[in-house]
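Here's the structure, in structure tokens; my notes come after.
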Amino acid sequence: MAEQPLLSVENLTVQFRGDNGWVNAVEGVDFAVGAGECLGIVGESGSGKSVSALSILKLHSQANTRYASGTIRYGDRDLLTLPQRRLRQVRGGEIAMIFQDPMSSLNPVLTIADQIMEPLRQHQGLSVQAARRKAIELLEMVRISDASRRIDDYPHRLSGGMRQRVMIAIAVACRPKILIADEPTTALDVTIQSQILELLRELQREIGMAVILITHDLGVVAQFAQRVVVMYAGRVVETASVPALFERPMHPYTEGLIRAVPNLDEDVHRLTTIPGSIPDPSTLIAGCRFSPRCREAVKSCLAEPPALVDAGAGHFARCPPRIAAGGIS
Amino acid sequence: MFRAIIVRLMQSIPVLLLVAVLSFILMHLLPGDPAVVIAGADATPAAVERIRSELGLDQPIWQQLLSWFLSLAQGKFGSSLVLNQTVLSAVAERLPVTLSLAALSLAITLPIGITLGILAAYFRSSWIDAGVMMIALVGVSVPSFWIAILSVILFSVTLGWVPSSGYAPLLTAGPGPWFASLIQPAMVLSLFQIGFLARMTRSAMLDVLDQDFIRTARAKGVSEWRTVGKHGFRNALVAVVTVGGIIISLLIGGSVVVEQVFALPGIGRLVVQGIMARDYPLIQGTMLLFGFAFVLINVAVDIIYTLVDPRVRYD
């Protein structure tokens, strides 16, 4: 990216309060997203992808979270140090977010109308009537049939897919510059998943917003994103354009993830997995955090934490041995 | 909805019958004899016996129960043995005192208890939370007669701001004296209730504030005040309404201790008087009326649930 990115997260370290003091949930995370671009953030559960995403709008519980280092540059502002009042103008106005579980993300005792109108009234200062008209338009935009009647329903009357559509309508209400989608399809049926992704893609094009898509599903990333950040145990382990990542994964973890996606053209008797599981954030690992699960780990991997190394053409990976060997296994 | 209310009320009939039988049995299990109380200390055994048979107390217990039920079926609650008035008029006379006290105390309890509970939950495990929980603990555990006496010493004796006892009716004495006669007992009553309500509000709010939709509200750019007050509290309201119902039930039953200390002629004192005098019809009648009031309050609470939470439906 030659020009200044729209949003860049630099050296972000987020700590959560644990039983024995503060624990790093993510450490030294860097990524950036340009205007209109779609960035995928991939990783398994506990890799820190959601933690990073929630940090952008500082949505972690204040009492138990510490932003130990880093900046989140948005225009000329740093969202991490922005005063509460100005951060609120960004939230839902310029950067919006949708979440994993649409069942619990909508307020059960407020009508759909109330919840969609809220950001419109807050950020655009619309009157109740204007906001309501706009809300119906938004519901139509996310393909909810019979929008003018549905708008007065409470969330429990809607299906999971419809609720996620409502969440999307709320998020795009103020035509944000960036939409952060935190596993938006994980809790939904497979058929609904593709509809929701299709809808997101259309809205992205229509509004011209950037999308940060957090997922554990590489298939979704392949379909949807231009660039990918792969996270493991709270760190970025690889970042590349989508074609480069799938053609030439540099990090053994990325490679394992790609191999773990079942290929429908072959008869598969046993699904491929990466042996072992992600380490607990409080366990100390001296070297590469993936080394306990890595088949290719050499002595230097165990000695000190590897740096994120440039492999050329905007492709970075945190695996010096592989990059030294030219990246091909 | 209307049908549901009717069904609820019908369902309460067996409950009321049970209340009636229990209060009857309990009264008759108490040692002591109303005839002795009425006849006085110096009465001859023959005189006591005569009064007893006049009152029908010489009949077998089951017959007394039956005849009480028969008169209830005709809408008669009977007359007090000692007060020289009917049970209904005795209750009606004292009800305004208890209701005034209840209303005033509720008007103090609700805003303070709810606010403290919300603050404690929002600033959980901070000094604000600790302070509120401390107040709640003191309010719930310190006996009200002791607080009442201390309060009288300070506000009535030393400062002389409000009368120490007695009741000034709203209609005859006017709002000023009425308020002055009730504000002190109402505040003493509220102390316990504030503690109770603040604790329950806090725990309901703690649950709600951890929910995903609170995060959604913040992500929309909604102010903290609205996030907590609108998105949060609306969801905690079911718990608050439940506690509110319990508090009102307690208040309607009369606050025996507070009415006693402040010499307020309310329902609580009436009941104590009745028990002392073994005034069977009075006790049984008031118990039954209390039972009915509790049933009504519970039905009201159930109806309010449907207004507060759209997921609750009675069909």
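To be explicit about the labels: the chains of the structure tokens are called A, B, and onward in the order shown, and within each one the residues are counted from 1, while ligands get numbers from 1 in the order they are shown.
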Residues of chain A within 7 Å of chain B, only C-alpha atoms counted, as a list in words: Leu59, Arg88, Gln89, Arg91, Gly92, Ala96, Met97, Ser104, Ser105, Leu106, Asn107, Val109 and Pro119 of chain A
Restricting the output to N, CA and C atoms, write the selected residues as an mmCIF file, in the first residue's frame.
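File produced: again-v2.cif:
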```cif
data_model
loop_
_atom_site.group_PDB
_atom_site.id
_atom_site.type_symbol
_atom_site.label_atom_id
_atom_site.label_comp_id
_atom_site.auth_asym_id
_atom_site.auth_seq_id
_atom_site.Cartn_x
_atom_site.Cartn_y
_atom_site.Cartn_z
ATOM 1 N N LEU A 59 -13.674 -1.723 22.880
ATOM 2 C CA LEU A 59 -14.933 -2.280 23.397
ATOM 3 C C LEU A 59 -14.703 -3.315 24.492
ATOM 4 N N ARG A 88 -16.758 8.168 20.798
ATOM 5 C CA ARG A 88 -18.160 7.809 20.563
ATOM 6 C C ARG A 88 -18.629 8.265 19.189
ATOM 7 N N GLN A 89 -18.060 9.378 18.704
ATOM 8 C CA GLN A 89 -18.446 9.839 17.368
ATOM 9 C C GLN A 89 -17.929 8.883 16.302
ATOM 10 N N ARG A 91 -17.342 5.546 16.886
ATOM 11 C CA ARG A 91 -18.089 4.308 17.065
ATOM 12 C C ARG A 91 -19.463 4.397 16.416
ATOM 13 N N GLY A 92 -19.714 3.506 15.484
ATOM 14 C CA GLY A 92 -21.041 3.457 14.873
ATOM 15 C C GLY A 92 -21.244 4.514 13.808
ATOM 16 N N ALA A 96 -17.963 0.891 12.255
ATOM 17 C CA ALA A 96 -19.065 0.155 12.867
ATOM 18 C C ALA A 96 -18.655 -1.301 13.015
ATOM 19 N N MET A 97 -19.441 -2.031 13.800
ATOM 20 C CA MET A 97 -19.018 -3.392 14.096
ATOM 21 C C MET A 97 -20.224 -4.312 14.166
ATOM 22 N N SER A 104 -27.641 -12.816 20.815
ATOM 23 C CA SER A 104 -27.454 -12.074 22.060
ATOM 24 C C SER A 104 -26.987 -10.640 21.822
ATOM 25 N N SER A 105 -26.733 -10.279 20.557
ATOM 26 C CA SER A 105 -26.178 -8.948 20.319
ATOM 27 C C SER A 105 -27.242 -7.863 20.164
ATOM 28 N N LEU A 106 -28.503 -8.284 20.029
ATOM 29 C CA LEU A 106 -29.579 -7.293 19.978
ATOM 30 C C LEU A 106 -30.257 -7.237 21.337
ATOM 31 N N ASN A 107 -30.694 -6.044 21.688
ATOM 32 C CA ASN A 107 -31.325 -5.879 22.995
ATOM 33 C C ASN A 107 -32.740 -6.475 22.973
ATOM 34 N N VAL A 109 -35.340 -6.268 24.850
ATOM 35 C CA VAL A 109 -36.529 -5.532 25.291
ATOM 36 C C VAL A 109 -36.780 -4.257 24.484
ATOM 37 N N PRO A 119 -28.370 4.849 16.246
ATOM 38 C CA PRO A 119 -27.180 5.496 15.668
ATOM 39 C C PRO A 119 -27.542 6.633 14.713
#
```
Residue neighbourhood Thr215 (chain A), 12 Å, only C-alpha atoms, exclusion window fewer than 2 positions, as a ChimeraX atom specification: /A:39-50,53,99-100,180-187,197,212-213,217-222,224-225,228-231
Selected residues, N, CA and C atoms, written as an mmCIF file, in the first residue's frame, please.
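Wrote part19.cif, looks like this:
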```cif
data_model
loop_
_atom_site.group_PDB
_atom_site.id
_atom_site.type_symbol
_atom_site.label_atom_id
_atom_site.label_comp_id
_atom_site.auth_asym_id
_atom_site.auth_seq_id
_atom_site.Cartn_x
_atom_site.Cartn_y
_atom_site.Cartn_z
ATOM 1 N N LEU A 39 -9.916 -6.755 4.551
ATOM 2 C CA LEU A 39 -8.819 -7.441 5.213
ATOM 3 C C LEU A 39 -9.391 -8.600 6.010
ATOM 4 N N GLY A 40 -8.845 -9.784 5.820
ATOM 5 C CA GLY A 40 -9.264 -10.928 6.634
ATOM 6 C C GLY A 40 -8.297 -11.119 7.781
ATOM 7 N N ILE A 41 -8.834 -11.397 8.963
ATOM 8 C CA ILE A 41 -7.952 -11.776 10.072
ATOM 9 C C ILE A 41 -8.340 -13.202 10.440
ATOM 10 N N VAL A 42 -7.396 -14.119 10.322
ATOM 11 C CA VAL A 42 -7.696 -15.538 10.535
ATOM 12 C C VAL A 42 -6.918 -16.078 11.719
ATOM 13 N N GLY A 43 -7.463 -17.075 12.334
ATOM 14 C CA GLY A 43 -6.770 -17.752 13.419
ATOM 15 C C GLY A 43 -7.764 -18.636 14.131
ATOM 16 N N GLU A 44 -7.239 -19.583 14.916
ATOM 17 C CA GLU A 44 -8.184 -20.432 15.645
ATOM 18 C C GLU A 44 -8.640 -19.715 16.913
ATOM 19 N N SER A 45 -9.533 -20.365 17.677
ATOM 20 C CA SER A 45 -10.031 -19.749 18.907
ATOM 21 C C SER A 45 -8.869 -19.443 19.837
ATOM 22 N N GLY A 46 -8.868 -18.241 20.401
ATOM 23 C CA GLY A 46 -7.811 -17.887 21.341
ATOM 24 C C GLY A 46 -6.581 -17.309 20.679
ATOM 25 N N SER A 47 -6.645 -17.063 19.363
ATOM 26 C CA SER A 47 -5.463 -16.537 18.692
ATOM 27 C C SER A 47 -5.328 -15.034 18.882
ATOM 28 N N GLY A 48 -6.376 -14.391 19.355
ATOM 29 C CA GLY A 48 -6.302 -12.955 19.601
ATOM 30 C C GLY A 48 -6.922 -12.125 18.498
ATOM 31 N N LYS A 49 -7.592 -12.773 17.554
ATOM 32 C CA LYS A 49 -8.155 -11.999 16.440
ATOM 33 C C LYS A 49 -9.324 -11.136 16.902
ATOM 34 N N SER A 50 -10.205 -11.694 17.736
ATOM 35 C CA SER A 50 -11.327 -10.885 18.241
ATOM 36 C C SER A 50 -10.850 -9.810 19.207
ATOM 37 N N ALA A 53 -9.682 -6.994 17.205
ATOM 38 C CA ALA A 53 -10.778 -6.285 16.550
ATOM 39 C C ALA A 53 -11.539 -5.407 17.542
ATOM 40 N N PHE A 99 -21.203 -8.522 15.268
ATOM 41 C CA PHE A 99 -20.612 -9.515 16.167
ATOM 42 C C PHE A 99 -21.010 -10.929 15.787
ATOM 43 N N GLN A 100 -20.387 -11.840 16.514
ATOM 44 C CA GLN A 100 -20.550 -13.255 16.221
ATOM 45 C C GLN A 100 -21.975 -13.755 16.438
ATOM 46 N N ILE A 180 -16.206 -3.552 10.903
ATOM 47 C CA ILE A 180 -15.482 -4.674 11.499
ATOM 48 C C ILE A 180 -16.494 -5.786 11.720
ATOM 49 N N ALA A 181 -16.258 -6.933 11.077
ATOM 50 C CA ALA A 181 -17.197 -8.041 11.212
ATOM 51 C C ALA A 181 -16.501 -9.161 11.974
ATOM 52 N N ASP A 182 -16.908 -9.349 13.242
ATOM 53 C CA ASP A 182 -16.249 -10.332 14.102
ATOM 54 C C ASP A 182 -16.979 -11.666 13.995
ATOM 55 N N GLU A 183 -16.460 -12.569 13.206
ATOM 56 C CA GLU A 183 -17.078 -13.867 12.948
ATOM 57 C C GLU A 183 -18.574 -13.735 12.671
ATOM 58 N N PRO A 184 -18.939 -12.994 11.633
ATOM 59 C CA PRO A 184 -20.360 -12.668 11.449
ATOM 60 C C PRO A 184 -21.220 -13.858 11.068
ATOM 61 N N THR A 185 -20.605 -14.951 10.620
ATOM 62 C CA THR A 185 -21.431 -16.063 10.135
ATOM 63 C C THR A 185 -21.244 -17.330 10.957
ATOM 64 N N THR A 186 -20.394 -17.252 11.985
ATOM 65 C CA THR A 186 -20.059 -18.465 12.735
ATOM 66 C C THR A 186 -21.269 -19.097 13.392
ATOM 67 N N ALA A 187 -22.185 -18.275 13.879
ATOM 68 C CA ALA A 187 -23.321 -18.815 14.635
ATOM 69 C C ALA A 187 -24.498 -19.160 13.719
ATOM 70 N N LEU A 197 -22.712 -13.278 3.763
ATOM 71 C CA LEU A 197 -21.454 -12.831 3.155
ATOM 72 C C LEU A 197 -21.723 -12.085 1.848
ATOM 73 N N ILE A 212 -13.117 -5.246 7.788
ATOM 74 C CA ILE A 212 -12.161 -6.106 8.484
ATOM 75 C C ILE A 212 -12.943 -7.332 8.907
ATOM 76 N N LEU A 213 -12.634 -8.459 8.282
ATOM 77 C CA LEU A 213 -13.421 -9.655 8.507
ATOM 78 C C LEU A 213 -12.627 -10.622 9.384
ATOM 79 N N ASP A 217 -12.394 -19.256 9.306
ATOM 80 C CA ASP A 217 -12.714 -20.034 8.118
ATOM 81 C C ASP A 217 -11.925 -19.487 6.929
ATOM 82 N N LEU A 218 -10.893 -20.221 6.530
ATOM 83 C CA LEU A 218 -10.060 -19.746 5.423
ATOM 84 C C LEU A 218 -10.854 -19.650 4.122
ATOM 85 N N GLY A 219 -11.871 -20.502 3.983
ATOM 86 C CA GLY A 219 -12.697 -20.469 2.781
ATOM 87 C C GLY A 219 -13.372 -19.106 2.636
ATOM 88 N N VAL A 220 -13.868 -18.590 3.747
ATOM 89 C CA VAL A 220 -14.517 -17.277 3.742
ATOM 90 C C VAL A 220 -13.523 -16.204 3.325
ATOM 91 N N VAL A 221 -12.310 -16.301 3.854
ATOM 92 C CA VAL A 221 -11.277 -15.321 3.530
ATOM 93 C C VAL A 221 -10.965 -15.358 2.037
ATOM 94 N N ALA A 222 -10.818 -16.591 1.505
ATOM 95 C CA ALA A 222 -10.472 -16.752 0.099
ATOM 96 C C ALA A 222 -11.514 -16.086 -0.787
ATOM 97 N N PHE A 224 -13.605 -13.643 0.068
ATOM 98 C CA PHE A 224 -14.050 -12.314 0.431
ATOM 99 C C PHE A 224 -12.949 -11.266 0.493
ATOM 100 N N ALA A 225 -11.741 -11.687 0.944
ATOM 101 C CA ALA A 225 -10.734 -10.684 1.305
ATOM 102 C C ALA A 225 -9.697 -10.489 0.209
ATOM 103 N N VAL A 228 -4.751 -10.865 3.924
ATOM 104 C CA VAL A 228 -5.012 -11.668 5.120
ATOM 105 C C VAL A 228 -3.953 -11.428 6.174
ATOM 106 N N VAL A 229 -4.400 -11.432 7.417
ATOM 107 C CA VAL A 229 -3.487 -11.462 8.546
ATOM 108 C C VAL A 229 -3.758 -12.781 9.269
ATOM 109 N N VAL A 230 -2.734 -13.574 9.453
ATOM 110 C CA VAL A 230 -2.917 -14.826 10.191
ATOM 111 C C VAL A 230 -2.383 -14.611 11.596
ATOM 112 N N MET A 231 -3.213 -14.935 12.593
ATOM 113 C CA MET A 231 -2.769 -14.736 13.973
ATOM 114 C C MET A 231 -2.642 -16.071 14.676
#
```
Picked from region 44-199 of chain B by DSSP as helix (DSSP H, G or I), as a VMD selection string: chain B and resid 45 to 54 61 to 73 87 to 122 127 to 141 144 to 158 170 to 173 175 to 199
Test item: residues at most 8 Å from Asp152 (chain A), only C-alpha atoms, excluding those fewer than 4 positions along its chain, as an NGL selection string: :A and (111-113 or 148)
Atoms to include: N, CA and C atoms. Write the selected residues as a short mmCIF file (atom, residue, chain, number, x, y, z; two decimals), in the first residue's frame.
```cif
data_model
loop_
_atom_site.label_atom_id
_atom_site.label_comp_id
_atom_site.auth_asym_id
_atom_site.auth_seq_id
_atom_site.Cartn_x
_atom_site.Cartn_y
_atom_site.Cartn_z
N THR A 111 -37.47 -2.55 20.55
CA THR A 111 -37.88 -2.95 19.20
C THR A 111 -36.72 -2.74 18.22
N ILE A 112 -36.84 -3.43 17.07
CA ILE A 112 -35.85 -3.27 16.01
C ILE A 112 -35.74 -1.79 15.63
N ALA A 113 -36.89 -1.14 15.53
CA ALA A 113 -36.92 0.28 15.15
C ALA A 113 -36.04 1.09 16.09
N SER A 148 -41.59 -2.52 6.74
CA SER A 148 -42.33 -1.51 7.50
C SER A 148 -43.14 -2.15 8.63
#
```
Atomic distance CA of Asp189 (chain A) - CA of Gly161 (chain A), expressed in Å with one decimal: 8.1 Å
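Taking CA of Ile214 (chain A) as the reference point, CA of Ser55 (chain A) is found at 13.0 Å.
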DSSP strand (DSSP E) selection over region 159-247 of chain A, as JSON, numbers by chain: {"A": [178, 179, 180, 181, 182, 210, 211, 212, 213, 214, 215, 227, 228, 229, 230, 231, 232, 235, 236, 237, 238, 239, 240, 241]}
Residue with smallest distance to Ala300 (chain B) - pool B:Ser249, B:Ser190, B:Ser156, B:Thr201, counting only C-alpha atoms: B:Ser249
Determine, counting only C-alpha atoms, which protein, DNA and RNA residues have an atom within 9 Å of an atom of region 272-279 of chain B; residues of the same chain fewer than 3 positions away are not included. Present the result as a PDB file with C-alpha atoms, in the first residue's frame.
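Contents of the output file result-v4.pdb:
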```pdb
ATOM      1  CA  MET B  27     -55.169 -18.378  66.426  1.00  0.00           C
ATOM      2  CA  HIS B  28     -56.814 -21.276  68.174  1.00  0.00           C
ATOM      3  CA  LEU B  30     -52.413 -19.834  70.854  1.00  0.00           C
ATOM      4  CA  GLY B  32     -55.276 -17.739  76.171  1.00  0.00           C
ATOM      5  CA  ASP B  33     -58.966 -17.143  75.869  1.00  0.00           C
ATOM      6  CA  PRO B  34     -60.775 -14.085  74.544  1.00  0.00           C
ATOM      7  CA  ALA B  35     -63.615 -14.654  77.012  1.00  0.00           C
ATOM      8  CA  VAL B  37     -59.852 -10.993  78.328  1.00  0.00           C
ATOM      9  CA  ILE B  38     -63.352  -9.571  77.785  1.00  0.00           C
ATOM     10  CA  SER B  80     -64.201  -7.446  66.623  1.00  0.00           C
ATOM     11  CA  LEU B  81     -64.635  -8.936  70.095  1.00  0.00           C
ATOM     12  CA  VAL B  82     -63.057  -5.988  71.895  1.00  0.00           C
ATOM     13  CA  LEU B  83     -63.175  -2.954  69.600  1.00  0.00           C
ATOM     14  CA  VAL B 256     -45.504  -3.530  63.177  1.00  0.00           C
ATOM     15  CA  ILE B 267     -52.774  -1.916  60.315  1.00  0.00           C
ATOM     16  CA  GLY B 268     -49.645  -3.263  61.986  1.00  0.00           C
ATOM     17  CA  ARG B 269     -50.712  -1.984  65.392  1.00  0.00           C
ATOM     18  CA  LEU B 282     -60.315  -9.463  63.844  1.00  0.00           C
ATOM     19  CA  ILE B 283     -57.130 -11.500  63.301  1.00  0.00           C
ATOM     20  CA  GLN B 284     -58.760 -13.964  60.952  1.00  0.00           C
TER      21      GLN B 284
END
```
Contacts of Ala186 (chain B) at 10 Å (only C-alpha atoms; same-chain gap of 3+ positions) as number ranges by chain: B: 100-109, 179, 181-183, 189-191, 258-259
What would the file look like if the residues just selected were written as a PDB file, in the first residue's frame with N, CA and C atoms?
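What follows is the written file result-v7.pdb:
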```pdb
ATOM      1  N   SER B 100     -50.538   5.568  53.566  1.00  0.00           N
ATOM      2  CA  SER B 100     -49.742   6.799  53.484  1.00  0.00           C
ATOM      3  C   SER B 100     -48.285   6.502  53.762  1.00  0.00           C
ATOM      4  N   LEU B 101     -48.071   5.740  54.834  1.00  0.00           N
ATOM      5  CA  LEU B 101     -46.702   5.391  55.213  1.00  0.00           C
ATOM      6  C   LEU B 101     -46.039   4.590  54.096  1.00  0.00           C
ATOM      7  N   ALA B 102     -46.805   3.648  53.546  1.00  0.00           N
ATOM      8  CA  ALA B 102     -46.259   2.794  52.482  1.00  0.00           C
ATOM      9  C   ALA B 102     -45.883   3.636  51.267  1.00  0.00           C
ATOM     10  N   ALA B 103     -46.780   4.533  50.878  1.00  0.00           N
ATOM     11  CA  ALA B 103     -46.536   5.333  49.678  1.00  0.00           C
ATOM     12  C   ALA B 103     -45.305   6.219  49.852  1.00  0.00           C
ATOM     13  N   LEU B 104     -45.228   6.859  51.011  1.00  0.00           N
ATOM     14  CA  LEU B 104     -44.106   7.768  51.253  1.00  0.00           C
ATOM     15  C   LEU B 104     -42.790   6.991  51.288  1.00  0.00           C
ATOM     16  N   SER B 105     -42.844   5.851  51.971  1.00  0.00           N
ATOM     17  CA  SER B 105     -41.631   5.049  52.095  1.00  0.00           C
ATOM     18  C   SER B 105     -41.185   4.523  50.730  1.00  0.00           C
ATOM     19  N   LEU B 106     -42.165   4.153  49.917  1.00  0.00           N
ATOM     20  CA  LEU B 106     -41.854   3.658  48.566  1.00  0.00           C
ATOM     21  C   LEU B 106     -41.246   4.775  47.713  1.00  0.00           C
ATOM     22  N   ALA B 107     -41.792   5.988  47.897  1.00  0.00           N
ATOM     23  CA  ALA B 107     -41.299   7.127  47.122  1.00  0.00           C
ATOM     24  C   ALA B 107     -39.846   7.434  47.479  1.00  0.00           C
ATOM     25  N   ILE B 108     -39.455   7.090  48.696  1.00  0.00           N
ATOM     26  CA  ILE B 108     -38.044   7.278  49.085  1.00  0.00           C
ATOM     27  C   ILE B 108     -37.217   6.101  48.588  1.00  0.00           C
ATOM     28  N   THR B 109     -37.761   4.883  48.777  1.00  0.00           N
ATOM     29  CA  THR B 109     -36.985   3.669  48.495  1.00  0.00           C
ATOM     30  C   THR B 109     -36.651   3.504  47.024  1.00  0.00           C
ATOM     31  N   PHE B 179     -47.325  15.126  56.296  1.00  0.00           N
ATOM     32  CA  PHE B 179     -45.980  14.783  55.836  1.00  0.00           C
ATOM     33  C   PHE B 179     -45.009  14.728  57.017  1.00  0.00           C
ATOM     34  N   SER B 181     -45.631  14.086  60.074  1.00  0.00           N
ATOM     35  CA  SER B 181     -45.851  12.957  60.975  1.00  0.00           C
ATOM     36  C   SER B 181     -45.344  11.655  60.366  1.00  0.00           C
ATOM     37  N   LEU B 182     -45.199  11.618  59.052  1.00  0.00           N
ATOM     38  CA  LEU B 182     -44.855  10.342  58.416  1.00  0.00           C
ATOM     39  C   LEU B 182     -43.433  10.258  57.883  1.00  0.00           C
ATOM     40  N   ILE B 183     -42.788  11.429  57.671  1.00  0.00           N
ATOM     41  CA  ILE B 183     -41.508  11.379  56.962  1.00  0.00           C
ATOM     42  C   ILE B 183     -40.469  10.585  57.754  1.00  0.00           C
ATOM     43  N   LEU B 189     -38.274   3.091  57.755  1.00  0.00           N
ATOM     44  CA  LEU B 189     -38.704   1.905  57.007  1.00  0.00           C
ATOM     45  C   LEU B 189     -37.875   1.730  55.751  1.00  0.00           C
ATOM     46  N   SER B 190     -37.579   2.844  55.086  1.00  0.00           N
ATOM     47  CA  SER B 190     -36.900   2.781  53.796  1.00  0.00           C
ATOM     48  C   SER B 190     -35.491   2.230  53.909  1.00  0.00           C
ATOM     49  N   LEU B 191     -34.880   2.453  55.053  1.00  0.00           N
ATOM     50  CA  LEU B 191     -33.482   2.049  55.185  1.00  0.00           C
ATOM     51  C   LEU B 191     -33.313   0.566  54.870  1.00  0.00           C
ATOM     52  N   VAL B 258     -42.296  -0.286  63.372  1.00  0.00           N
ATOM     53  CA  VAL B 258     -42.222   1.162  63.147  1.00  0.00           C
ATOM     54  C   VAL B 258     -43.518   1.849  63.592  1.00  0.00           C
ATOM     55  N   GLU B 259     -44.661   1.230  63.288  1.00  0.00           N
ATOM     56  CA  GLU B 259     -45.923   1.830  63.735  1.00  0.00           C
ATOM     57  C   GLU B 259     -45.981   1.890  65.257  1.00  0.00           C
TER      58      GLU B 259
END
```
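One finds CA of Ser23 (chain B) at 9.6 Å from CA of Thr286 (chain B).
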So that I can check the surroundings of Gln195 (chain A), please list as an mmCIF file with N, CA and C atoms, in the first residue's frame every protein, DNA and RNA residue that reaches within 12 Å of it, counting only C-alpha atoms and ignoring chain neighbours fewer than 5 positions away.
```cif
data_model
loop_
_atom_site.group_PDB
_atom_site.id
_atom_site.type_symbol
_atom_site.label_atom_id
_atom_site.label_comp_id
_atom_site.auth_asym_id
_atom_site.auth_seq_id
_atom_site.Cartn_x
_atom_site.Cartn_y
_atom_site.Cartn_z
ATOM 1 N N VAL A 142 -31.010 -4.522 3.614
ATOM 2 C CA VAL A 142 -30.440 -5.813 4.042
ATOM 3 C C VAL A 142 -31.412 -6.954 3.754
ATOM 4 N N ARG A 143 -32.405 -6.695 2.876
ATOM 5 C CA ARG A 143 -33.345 -7.701 2.366
ATOM 6 C C ARG A 143 -34.189 -8.327 3.467
ATOM 7 N N GLY A 161 -30.583 -15.558 11.165
ATOM 8 C CA GLY A 161 -30.109 -14.873 9.967
ATOM 9 C C GLY A 161 -30.690 -13.471 9.860
ATOM 10 N N MET A 162 -31.968 -13.352 10.187
ATOM 11 C CA MET A 162 -32.623 -12.034 10.134
ATOM 12 C C MET A 162 -32.019 -11.093 11.168
ATOM 13 N N GLN A 164 -28.991 -11.160 12.234
ATOM 14 C CA GLN A 164 -27.694 -10.690 11.763
ATOM 15 C C GLN A 164 -27.895 -9.618 10.689
ATOM 16 N N ARG A 165 -28.935 -9.760 9.894
ATOM 17 C CA ARG A 165 -29.241 -8.717 8.906
ATOM 18 C C ARG A 165 -29.575 -7.398 9.616
ATOM 19 N N PRO A 184 -18.939 -12.994 11.633
ATOM 20 C CA PRO A 184 -20.360 -12.668 11.449
ATOM 21 C C PRO A 184 -21.220 -13.858 11.068
ATOM 22 N N THR A 185 -20.605 -14.951 10.620
ATOM 23 C CA THR A 185 -21.431 -16.063 10.135
ATOM 24 C C THR A 185 -21.244 -17.330 10.957
ATOM 25 N N LEU A 188 -24.309 -19.037 12.407
ATOM 26 C CA LEU A 188 -25.459 -19.209 11.506
ATOM 27 C C LEU A 188 -25.369 -20.509 10.708
ATOM 28 N N ASP A 189 -26.501 -20.939 10.165
ATOM 29 C CA ASP A 189 -26.530 -22.101 9.280
ATOM 30 C C ASP A 189 -25.687 -21.832 8.042
ATOM 31 N N VAL A 190 -25.198 -22.920 7.424
ATOM 32 C CA VAL A 190 -24.303 -22.761 6.276
ATOM 33 C C VAL A 190 -24.984 -22.001 5.134
ATOM 34 N N LEU A 200 -22.910 -8.692 2.678
ATOM 35 C CA LEU A 200 -21.803 -7.831 3.119
ATOM 36 C C LEU A 200 -20.994 -7.338 1.921
ATOM 37 N N ARG A 201 -20.766 -8.244 0.971
ATOM 38 C CA ARG A 201 -19.983 -7.879 -0.192
ATOM 39 C C ARG A 201 -20.688 -6.769 -0.993
ATOM 40 N N GLU A 202 -21.988 -6.940 -1.170
ATOM 41 C CA GLU A 202 -22.749 -5.924 -1.917
ATOM 42 C C GLU A 202 -22.726 -4.579 -1.212
#
```
Contacts of Thr272 (chain A) at 8 Å (only C-alpha atoms; same-chain gap of 3+ positions) as an MDAnalysis selection string: chainID A and resid 259:262
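Each of B:Val299, B:Met205, B:Leu99, B:Val271 was compared to Leu251 (chain B) using only C-alpha atoms, and B:Leu99 turns out to be the nearest.
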